[in-house]
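A.B. asks: You'll find target-v1.txt just under this line, and it carries compact mmCIF, C-alpha atoms and all ligand atoms.
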# COMPACT_ATOMS: atom_id res chain seq x y z
CA MET A 1 169.21 267.32 43.77
CA THR A 2 166.58 265.88 46.12
CA HIS A 3 167.35 262.36 47.29
CA PHE A 4 165.40 260.22 49.75
CA LEU A 5 168.20 258.64 51.75
CA ASP A 6 166.98 258.53 55.35
CA ILE A 7 164.10 259.80 57.46
CA HIS A 8 166.30 262.05 59.64
CA LYS A 9 167.75 263.69 56.53
CA THR A 10 164.36 265.00 55.39
CA ASP A 11 162.51 267.82 57.20
CA LEU A 12 159.40 266.95 59.17
CA ALA A 13 157.24 269.28 57.04
CA GLU A 14 158.37 267.43 53.93
CA LEU A 15 157.85 264.01 55.52
CA ARG A 16 154.35 265.12 56.52
CA ALA A 17 153.64 266.37 52.99
CA ILE A 18 154.75 262.98 51.61
CA ILE A 19 152.45 261.08 54.00
CA ASP A 20 149.53 263.40 53.12
CA GLN A 21 150.09 262.93 49.42
CA ALA A 22 150.36 259.16 49.82
CA ARG A 23 147.00 259.15 51.59
CA GLN A 24 145.39 261.33 48.91
CA MET A 25 146.73 259.18 46.09
CA LYS A 26 145.59 256.02 47.85
CA ASP A 27 142.09 257.50 48.33
CA ALA A 28 141.98 258.61 44.70
CA ARG A 29 142.52 255.02 43.57
CA ASN A 30 139.80 253.64 45.83
CA GLY A 31 136.98 252.03 43.93
CA HIS A 32 138.89 251.90 40.65
CA PRO A 33 139.39 248.46 39.16
CA ARG A 34 142.85 246.90 39.30
CA GLY A 35 145.06 247.93 36.43
CA THR A 36 143.64 251.45 36.20
CA PRO A 37 146.39 254.05 35.77
CA ASP A 38 146.26 257.04 38.13
CA SER A 39 144.21 259.95 36.84
CA GLU A 40 147.35 262.08 37.13
CA GLN A 41 150.43 260.78 35.28
CA PRO A 42 153.29 262.73 36.87
CA LEU A 43 155.94 260.21 35.76
CA ALA A 44 154.88 260.13 32.11
CA GLY A 45 157.96 259.77 29.92
CA ARG A 46 160.26 259.05 32.90
CA MET A 47 162.45 256.00 33.33
CA VAL A 48 163.30 254.68 36.79
CA ALA A 49 166.18 252.26 37.47
CA LEU A 50 165.49 249.81 40.29
CA ILE A 51 168.80 248.25 41.39
CA PHE A 52 168.87 245.23 43.70
CA GLU A 53 172.04 243.82 45.20
CA LYS A 54 169.94 241.49 47.35
CA PRO A 55 166.53 239.80 47.22
CA SER A 56 163.20 241.62 47.50
CA THR A 57 159.51 240.97 46.98
CA ARG A 58 157.72 244.06 48.35
CA THR A 59 160.25 246.73 47.40
CA ARG A 60 160.70 245.39 43.88
CA VAL A 61 157.01 244.97 43.10
CA SER A 62 155.72 248.09 44.87
CA PHE A 63 158.23 250.41 43.18
CA ASP A 64 157.64 248.82 39.79
CA VAL A 65 153.85 249.02 40.08
CA GLY A 66 153.98 252.53 41.57
CA VAL A 67 156.05 253.94 38.70
CA ARG A 68 153.73 252.35 36.12
CA GLN A 69 150.57 253.62 37.83
CA MET A 70 152.02 257.13 37.55
CA GLY A 71 152.79 256.73 33.85
CA GLY A 72 156.53 256.00 34.04
CA GLN A 73 158.62 253.01 33.06
CA THR A 74 161.06 250.91 35.05
CA MET A 75 164.19 248.94 34.51
CA VAL A 76 164.87 246.34 37.20
CA LEU A 77 168.59 245.64 37.47
CA SER A 78 170.44 243.09 39.54
CA GLY A 79 173.66 244.47 41.01
CA ALA A 80 175.46 241.25 40.13
CA ASP A 81 174.60 241.62 36.43
CA MET A 82 175.90 245.18 36.26
CA GLN A 83 179.55 246.23 36.06
CA LEU A 84 179.02 247.34 39.69
CA GLY A 85 180.03 243.87 40.76
CA HIS A 86 183.09 243.93 38.50
CA GLY A 87 185.17 246.86 39.63
CA GLU A 88 183.60 249.96 38.04
CA THR A 89 183.32 252.60 40.74
CA ILE A 90 179.97 253.57 42.17
CA ALA A 91 180.70 257.19 41.27
CA ASP A 92 181.23 256.32 37.58
CA THR A 93 178.14 254.11 37.59
CA ALA A 94 176.10 256.98 39.03
CA ARG A 95 177.38 259.40 36.38
CA VAL A 96 176.55 256.95 33.59
CA LEU A 97 173.07 256.06 34.88
CA SER A 98 172.27 259.76 35.24
CA ARG A 99 172.65 260.09 31.45
CA TYR A 100 169.95 257.46 30.86
CA VAL A 101 167.38 257.44 33.64
CA ASP A 102 165.36 259.98 35.63
CA MET A 103 165.59 258.33 39.05
CA ILE A 104 167.49 255.52 40.80
CA MET A 105 166.20 253.30 43.60
CA ILE A 106 168.89 251.08 45.08
CA ARG A 107 168.91 248.23 47.61
CA THR A 108 172.46 247.54 48.67
CA PHE A 109 174.48 245.61 51.23
CA ASP A 110 176.65 248.55 52.14
CA GLU A 111 175.28 252.00 52.96
CA SER A 112 178.41 253.58 51.46
CA VAL A 113 177.24 252.42 48.00
CA LEU A 114 173.97 254.33 48.42
CA LEU A 115 175.75 257.44 49.67
CA GLU A 116 178.31 257.42 46.85
CA MET A 117 175.57 256.86 44.29
CA ALA A 118 173.69 259.88 45.68
CA GLU A 119 176.81 262.04 45.75
CA TYR A 120 177.62 261.50 42.08
CA SER A 121 174.14 261.09 40.60
CA ASP A 122 172.47 263.92 38.72
CA VAL A 123 169.06 262.31 39.29
CA PRO A 124 167.24 261.53 42.56
CA VAL A 125 168.40 258.45 44.47
CA ILE A 126 166.07 256.55 46.82
CA ASN A 127 167.19 254.18 49.58
CA GLY A 128 165.47 250.81 49.07
CA LEU A 129 167.24 249.31 52.15
CA THR A 130 170.87 249.13 53.22
CA ASP A 131 172.61 247.29 56.03
CA ARG A 132 171.88 250.32 58.25
CA THR A 133 168.43 251.70 57.40
CA HIS A 134 165.11 251.13 55.57
CA PRO A 135 163.32 254.50 55.38
CA CYS A 136 160.67 253.68 52.73
CA GLN A 137 159.37 250.92 55.00
CA ILE A 138 158.91 253.24 57.94
CA MET A 139 157.15 255.90 55.85
CA ALA A 140 154.65 253.17 54.93
CA ASP A 141 154.43 252.18 58.61
CA ILE A 142 153.67 255.75 59.74
CA LEU A 143 150.95 255.96 57.07
CA THR A 144 149.55 252.62 58.28
CA TYR A 145 149.57 253.54 61.97
CA GLU A 146 147.85 256.87 61.33
CA GLU A 147 145.18 255.29 59.10
CA HIS A 148 144.25 252.98 61.96
CA ARG A 149 144.83 255.09 65.05
CA GLY A 150 145.36 258.76 64.11
CA PRO A 151 148.51 260.81 64.76
CA ILE A 152 151.56 258.83 65.92
CA THR A 153 153.02 261.84 67.71
CA GLY A 154 153.24 261.17 71.45
CA LYS A 155 152.55 257.44 71.12
CA LYS A 156 154.68 254.63 72.56
CA VAL A 157 156.27 252.28 70.03
CA VAL A 158 158.08 249.16 71.24
CA TRP A 159 160.67 247.40 69.09
CA SER A 160 161.22 243.82 70.23
CA GLY A 161 164.19 241.82 68.93
CA ASP A 162 167.21 242.78 66.84
CA GLY A 163 168.16 246.48 66.79
CA ASN A 164 168.67 246.27 63.02
CA ASN A 165 168.27 248.48 59.94
CA VAL A 166 164.45 248.65 60.19
CA CYS A 167 164.70 249.50 63.90
CA ALA A 168 167.17 252.26 62.99
CA SER A 169 164.67 253.92 60.66
CA PHE A 170 162.04 253.68 63.41
CA LEU A 171 164.47 255.57 65.67
CA HIS A 172 164.89 258.24 62.99
CA ALA A 173 161.11 258.47 62.67
CA ALA A 174 160.72 258.75 66.46
CA GLY A 175 162.90 261.85 66.35
CA GLN A 176 161.10 263.39 63.40
CA PHE A 177 157.46 262.50 64.10
CA GLY A 178 157.82 262.86 67.88
CA PHE A 179 156.93 259.47 69.31
CA ASP A 180 158.67 257.50 72.06
CA LEU A 181 160.45 254.27 71.29
CA THR A 182 161.35 251.49 73.69
CA PHE A 183 163.84 248.91 72.50
CA THR A 184 163.70 245.48 74.08
CA GLY A 185 166.29 242.93 73.05
CA PRO A 186 169.67 241.51 74.05
CA MET A 187 172.46 244.01 74.73
CA GLN A 188 174.60 242.53 71.94
CA LEU A 189 171.95 243.56 69.40
CA ASP A 190 171.19 247.08 70.65
CA PRO A 191 170.52 249.70 67.98
CA GLU A 192 173.46 251.88 66.99
CA PRO A 193 174.17 254.47 69.74
CA GLU A 194 174.45 257.18 67.05
CA PHE A 195 170.82 256.63 66.04
CA ILE A 196 169.59 256.53 69.64
CA GLY A 197 171.48 259.78 70.27
CA LEU A 198 169.93 261.48 67.22
CA ALA A 199 166.38 260.73 68.40
CA ARG A 200 167.13 261.80 71.98
CA LYS A 201 168.75 265.03 70.79
CA VAL A 202 165.48 266.18 69.24
CA GLY A 203 163.46 265.31 72.34
CA SER A 204 162.15 261.76 71.84
CA THR A 205 162.23 259.43 74.82
CA ILE A 206 164.25 256.38 73.80
CA THR A 207 164.27 253.65 76.42
CA ILE A 208 166.16 250.37 76.59
CA GLU A 209 164.38 247.72 78.65
CA ARG A 210 165.72 244.16 78.69
CA ASP A 211 162.51 242.67 80.06
CA PRO A 212 160.05 242.40 77.13
CA ALA A 213 156.97 242.17 79.37
CA LYS A 214 157.91 245.43 81.13
CA ALA A 215 158.87 247.07 77.83
CA VAL A 216 155.44 246.64 76.25
CA GLU A 217 153.47 248.07 79.19
CA GLY A 218 151.42 250.96 77.80
CA ALA A 219 152.54 250.29 74.22
CA ASP A 220 150.46 251.62 71.31
CA LEU A 221 152.43 249.69 68.71
CA ILE A 222 154.68 246.64 68.87
CA VAL A 223 157.10 245.98 66.03
CA THR A 224 159.56 243.21 65.27
CA ASP A 225 161.60 241.90 62.35
CA THR A 226 163.56 238.84 61.29
CA TRP A 227 166.26 237.64 63.68
CA VAL A 228 168.76 237.25 60.83
CA SER A 229 168.92 240.04 58.25
CA MET A 230 170.23 239.71 54.72
CA HIS A 231 173.48 241.44 55.69
CA ASP A 232 174.05 239.12 58.69
CA SER A 233 176.30 236.09 58.31
CA GLN A 234 174.36 232.82 58.36
CA SER A 235 177.03 231.50 60.75
CA THR A 236 175.53 233.74 63.46
CA LYS A 237 172.03 232.28 63.04
CA GLU A 238 172.05 229.87 65.97
CA ARG A 239 173.59 232.37 68.38
CA ARG A 240 171.09 235.04 67.32
CA HIS A 241 168.14 232.70 67.70
CA ASN A 242 169.27 231.74 71.20
CA MET A 243 169.64 235.38 72.25
CA LEU A 244 166.40 236.54 70.64
CA ARG A 245 163.99 233.76 71.61
CA PRO A 246 162.78 235.60 74.77
CA TYR A 247 161.77 238.54 72.54
CA GLN A 248 159.31 236.66 70.36
CA VAL A 249 156.06 238.59 69.86
CA ASN A 250 153.26 236.24 70.90
CA ASP A 251 149.79 236.56 72.39
CA ARG A 252 151.23 236.62 75.91
CA LEU A 253 153.40 239.64 75.07
CA MET A 254 150.62 241.44 73.14
CA ALA A 255 148.35 241.02 76.19
CA GLN A 256 150.74 243.18 78.28
CA ALA A 257 150.39 246.14 75.87
CA LYS A 258 147.43 248.53 75.58
CA PRO A 259 144.26 246.65 74.54
CA ASP A 260 144.17 248.49 71.20
CA ALA A 261 147.91 248.14 70.48
CA LEU A 262 148.77 247.34 66.87
CA PHE A 263 151.36 244.84 65.63
CA MET A 264 153.68 245.55 62.69
CA HIS A 265 156.34 243.60 60.81
CA CYS A 266 157.95 244.80 57.57
CA LEU A 267 157.91 241.21 56.23
CA PRO A 268 159.17 238.72 55.20
CA ALA A 269 158.38 237.11 58.57
CA HIS A 270 159.45 233.79 60.00
CA ARG A 271 156.31 232.44 61.62
CA GLY A 272 157.06 230.80 64.97
CA GLU A 273 160.39 232.62 65.32
CA GLU A 274 160.23 236.40 65.89
CA VAL A 275 156.40 236.31 65.84
CA THR A 276 153.71 233.66 66.16
CA SER A 277 151.03 233.05 63.54
CA GLU A 278 148.40 233.91 66.19
CA VAL A 279 149.75 237.46 66.33
CA MET A 280 150.42 237.79 62.59
CA ASP A 281 146.89 236.69 61.73
CA GLY A 282 145.26 238.18 64.84
CA PRO A 283 143.13 241.30 65.30
CA SER A 284 146.06 243.60 66.24
CA SER A 285 148.06 242.83 63.13
CA VAL A 286 148.24 245.36 60.28
CA ILE A 287 151.07 243.65 58.39
CA PHE A 288 149.36 243.47 55.00
CA ASP A 289 148.25 247.11 55.22
CA GLU A 290 151.91 247.94 55.79
CA ALA A 291 152.86 245.97 52.70
CA GLU A 292 150.18 247.71 50.62
CA ASN A 293 151.21 251.10 51.91
CA ARG A 294 154.74 250.63 50.60
CA LEU A 295 153.16 251.30 47.20
CA HIS A 296 151.36 254.50 48.20
CA ALA A 297 154.16 255.92 50.36
CA GLN A 298 156.82 255.31 47.70
CA LYS A 299 154.70 256.89 44.97
CA ALA A 300 154.57 260.04 47.08
CA ILE A 301 158.31 259.81 47.82
CA MET A 302 159.10 259.53 44.09
CA ARG A 303 156.93 262.55 43.25
CA TRP A 304 158.57 264.54 46.02
CA THR A 305 162.13 263.78 44.84
CA LEU A 306 161.22 264.83 41.28
CA GLY A 307 159.07 267.77 42.35
CA VAL A 308 156.16 266.58 40.19
N1 LIG B 401 159.82 244.78 53.67
C1 LIG B 401 160.58 244.66 52.58
O1 LIG B 401 161.38 245.54 52.25
O2 LIG B 401 160.38 243.51 51.88
P1 LIG B 401 161.22 242.97 50.64
O3 LIG B 401 162.56 242.53 51.17
O4 LIG B 401 160.41 241.83 50.10
O5 LIG B 401 161.38 244.08 49.65
N1 LIG B 402 166.06 243.49 58.44
C1 LIG B 402 165.69 242.82 57.21
C2 LIG B 402 164.62 243.59 56.51
C3 LIG B 402 164.12 242.97 55.25
C4 LIG B 402 163.07 243.79 54.56
C5 LIG B 402 166.90 242.65 56.33
O1 LIG B 402 167.69 243.59 56.20
O2 LIG B 402 167.10 241.55 55.80
Before we go any further, please render this structure as structure tokens.

C.D. replies:
Amino acid sequence: MTHFLDIHKTDLAELRAIIDQARQMKDARNGHPRGTPDSEQPLAGRMVALIFEKPSTRTRVSFDVGVRQMGGQTMVLSGADMQLGHGETIADTARVLSRYVDMIMIRTFDESVLLEMAEYSDVPVINGLTDRTHPCQIMADILTYEEHRGPITGKKVVWSGDGNNVCASFLHAAGQFGFDLTFTGPMQLDPEPEFIGLARKVGSTITIERDPAKAVEGADLIVTDTWVSMHDSQSTKERRHNMLRPYQVNDRLMAQAKPDALFMHCLPAHRGEEVTSEVMDGPSSVIFDEAENRLHAQKAIMRWTLGV
């Protein structure tokens, strides 16, 4: 069974094939009016369950639209409405869903739910974000970077802010695609040492630099994300904001990077907190291309898991 659980769990050749297919499918749709189904219908007759234990705009809509463009159908399920929230084991849920649907995409609070689902499912399982990682987002981000600037291999990516789940998938991608990543943020919010170690083990240079101005010197890409993630307790909000304020991405910080450096944010963003509107709406920003590319990247990921 082929699942898409994390970037470091998929071979580079396969990741590259997914990115190439995403680009081809995106190109093939160019010029067609909205609402046109893809010329190929590889998901015809297939049903995909999209399970959300927490909110989502991009992941929900891009998966739903992507499946339909490829001829399949979707069922969007809220974790709270399923027996999942009422004591049935994840393993039993996975066995049952496998009798009905052809693929499962799940967004969950706890990574162990995703892993148990994958272990007991007879159909592909895709990670739509957990507390620890967000691989579909970073596949879209690689596609976006390369559309604008060519190969990401050998480039310098700077993550400014919280070393969270999205940052973790960037670290996995650094290891696989061969770019360097500098993390700048407060020590209390460093990325997980395990993920830093994985990227270093395969030869990527992972640097921790507390001074954001120094960190972005020579950067090709600057990335940030919300200061309070969905899995973080709201009671930590004030403390996090106080620690993270120096790491806001603003015009002053962007000016220290390479002149052609890009800015990315997975969205949703909090304008005036982790990033200013000047940067979000400025010439370096590719945030809406990233959002669009969720659709194309995930279509290619779904085809890859099903082998169609
Ligand atoms: N970037 C992202 O995953 O957005 P949603 O939470 O809206 O799905
Ligand atoms: N780090 C954020 C990403 C949202 C897409 C969160 O987990 O809430």

A.B. asks: Ligand LIG 401 (chain B): which residues are within 12 Å, counting only C-alpha atoms and all ligand atoms, as an NGL selection string?

C.D. replies: :A and (50-64 or 106-108 or 127-131 or 133-141 or 165-166 or 224-226 or 229-231 or 264-269 or 287-295 or 298)

A.B. asks: Just checking: using all atoms listed in the file, which residue out of A:Leu198, A:Ile18, A:Val158, A:Cys167 ends up closest to ligand LIG 402 (chain B)?

C.D. replies: A:Cys167

A.B. asks: Excluding A:Ala91 and its own-chain neighbours fewer than 6 positions away, which residues fall within 8 Å of it when counting all atoms listed in the file? Please give them as number ranges by chain.

C.D. replies: A: 116-117, 119-121

A.B. asks: Would you mind listing what lies within 9 Å of A:Ser284 as JSON, numbers by chain, with all atoms listed in the file counted and same-chain residues fewer than 6 positions away left out?

C.D. replies: {"A": [254, 260, 261, 262, 263, 264]}

A.B. asks: For each of A:Leu15, A:Met243, A:Ala300, A:Ala168, take the minimum atom-to-atom distance to A:Ile206, counting all atoms listed in the file, then give the residue where this is smallest.

C.D. replies: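 With all atoms listed in the file as the atom set, the closest residue is A:Ala168.
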
A.B. asks: Nearest to A:Leu114 among A:Ala94, A:Val308, A:Val157, A:Val76, with distances taken over all atoms listed in the file: which residue is it?

C.D. replies: A:Ala94

A.B. asks: Leaving out A:Met75 and any residue of its chain fewer than 4 positions from it, which residues lie within 8 Å of it when counting all atoms listed in the file, given as a ChimeraX atom specification?

C.D. replies: /A:47-50

A.B. asks: List every protein, DNA or RNA residue with an atom no more than 12 Å from (165.5, 264.7, 58.1) in the file's coordinates, counting all atoms listed in the file, and format the result as a PyMOL selection string.

C.D. replies: chain A and resi 3-16+135+169+171-177+198-199+202

A.B. asks: Counting all atoms listed in the file, what is within 8 Å of A:Glu278, bar same-chain residues fewer than 2 positions away, as a ChimeraX atom specification?

C.D. replies: /A:250-251,276,280-282

A.B. asks: Measure the distance from atom CA of A:Phe179 to atom CA of A:Ala219 in Å and round it to one decimal.

C.D. replies: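 Atom-to-atom, atom CA of A:Phe179 to atom CA of A:Ala219, that is 11.3 Å.
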
A.B. asks: What is the atom CA of A:Glu40 to atom CA of A:Met1 distance in Å?

C.D. replies: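 Between atom CA of A:Glu40 and atom CA of A:Met1 the gap works out to 23.4 Å.
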
A.B. asks: Choose the residue, out of A:Thr207, A:Gln188, A:Gln256, A:Asn164, that has the smallest atom-to-atom separation from ligand LIG 402 (chain B); count all atoms listed in the file.

C.D. replies: A:Asn164

A.B. asks: For ligand LIG 402 (chain B), what centre and edge lengths in Å (one decimal) does the axis-aligned box get once 6 Å is added on each side of all its listed atoms, as JSON?

C.D. replies:
{"center_x": 165.4, "center_y": 242.7, "center_z": 56.5, "size_x": 16.6, "size_y": 14.2, "size_z": 15.9}

A.B. asks: Between atom CA of A:Pro151 and atom CA of A:Met105, what is the distance in Å, rounded to a tenth?

C.D. replies: 28.6 Å

A.B. asks: Have a look at A:Arg271, A:Asp180, A:Glu146, A:Phe109 and name the one nearest to A:Asp232; count only C-alpha atoms.

C.D. replies: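 Looking at the shortest contact to A:Asp232, the residue is A:Phe109.
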
A.B. asks: If you count all atoms listed in the file, which residues fall within 8 Å of A:Ala257, apart from same-chain ones fewer than 2 positions away, as a PDB file with C-alpha atoms, keeping the file's coordinate frame?

C.D. replies:
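The new file part.pdb reads:
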ATOM      1  CA  VAL A 216     155.440 246.640  76.250  1.00  0.00           C
ATOM      2  CA  GLU A 217     153.470 248.070  79.190  1.00  0.00           C
ATOM      3  CA  GLY A 218     151.420 250.960  77.800  1.00  0.00           C
ATOM      4  CA  ALA A 219     152.540 250.290  74.220  1.00  0.00           C
ATOM      5  CA  ASP A 220     150.460 251.620  71.310  1.00  0.00           C
ATOM      6  CA  LEU A 253     153.400 239.640  75.070  1.00  0.00           C
ATOM      7  CA  MET A 254     150.620 241.440  73.140  1.00  0.00           C
ATOM      8  CA  ALA A 255     148.350 241.020  76.190  1.00  0.00           C
ATOM      9  CA  PRO A 259     144.260 246.650  74.540  1.00  0.00           C
ATOM     10  CA  ALA A 261     147.910 248.140  70.480  1.00  0.00           C
TER      11      ALA A 261
END

A.B. asks: Rank A:Asp190, A:Asp162, A:Asp102, A:Asp81 by their smallest atom-to-atom distance to ligand LIG 402 (chain B), using all atoms listed in the file, and report the top residue only.

C.D. replies: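 Of the candidates, the smallest distance to ligand LIG 402 (chain B) is held by A:Asp162.
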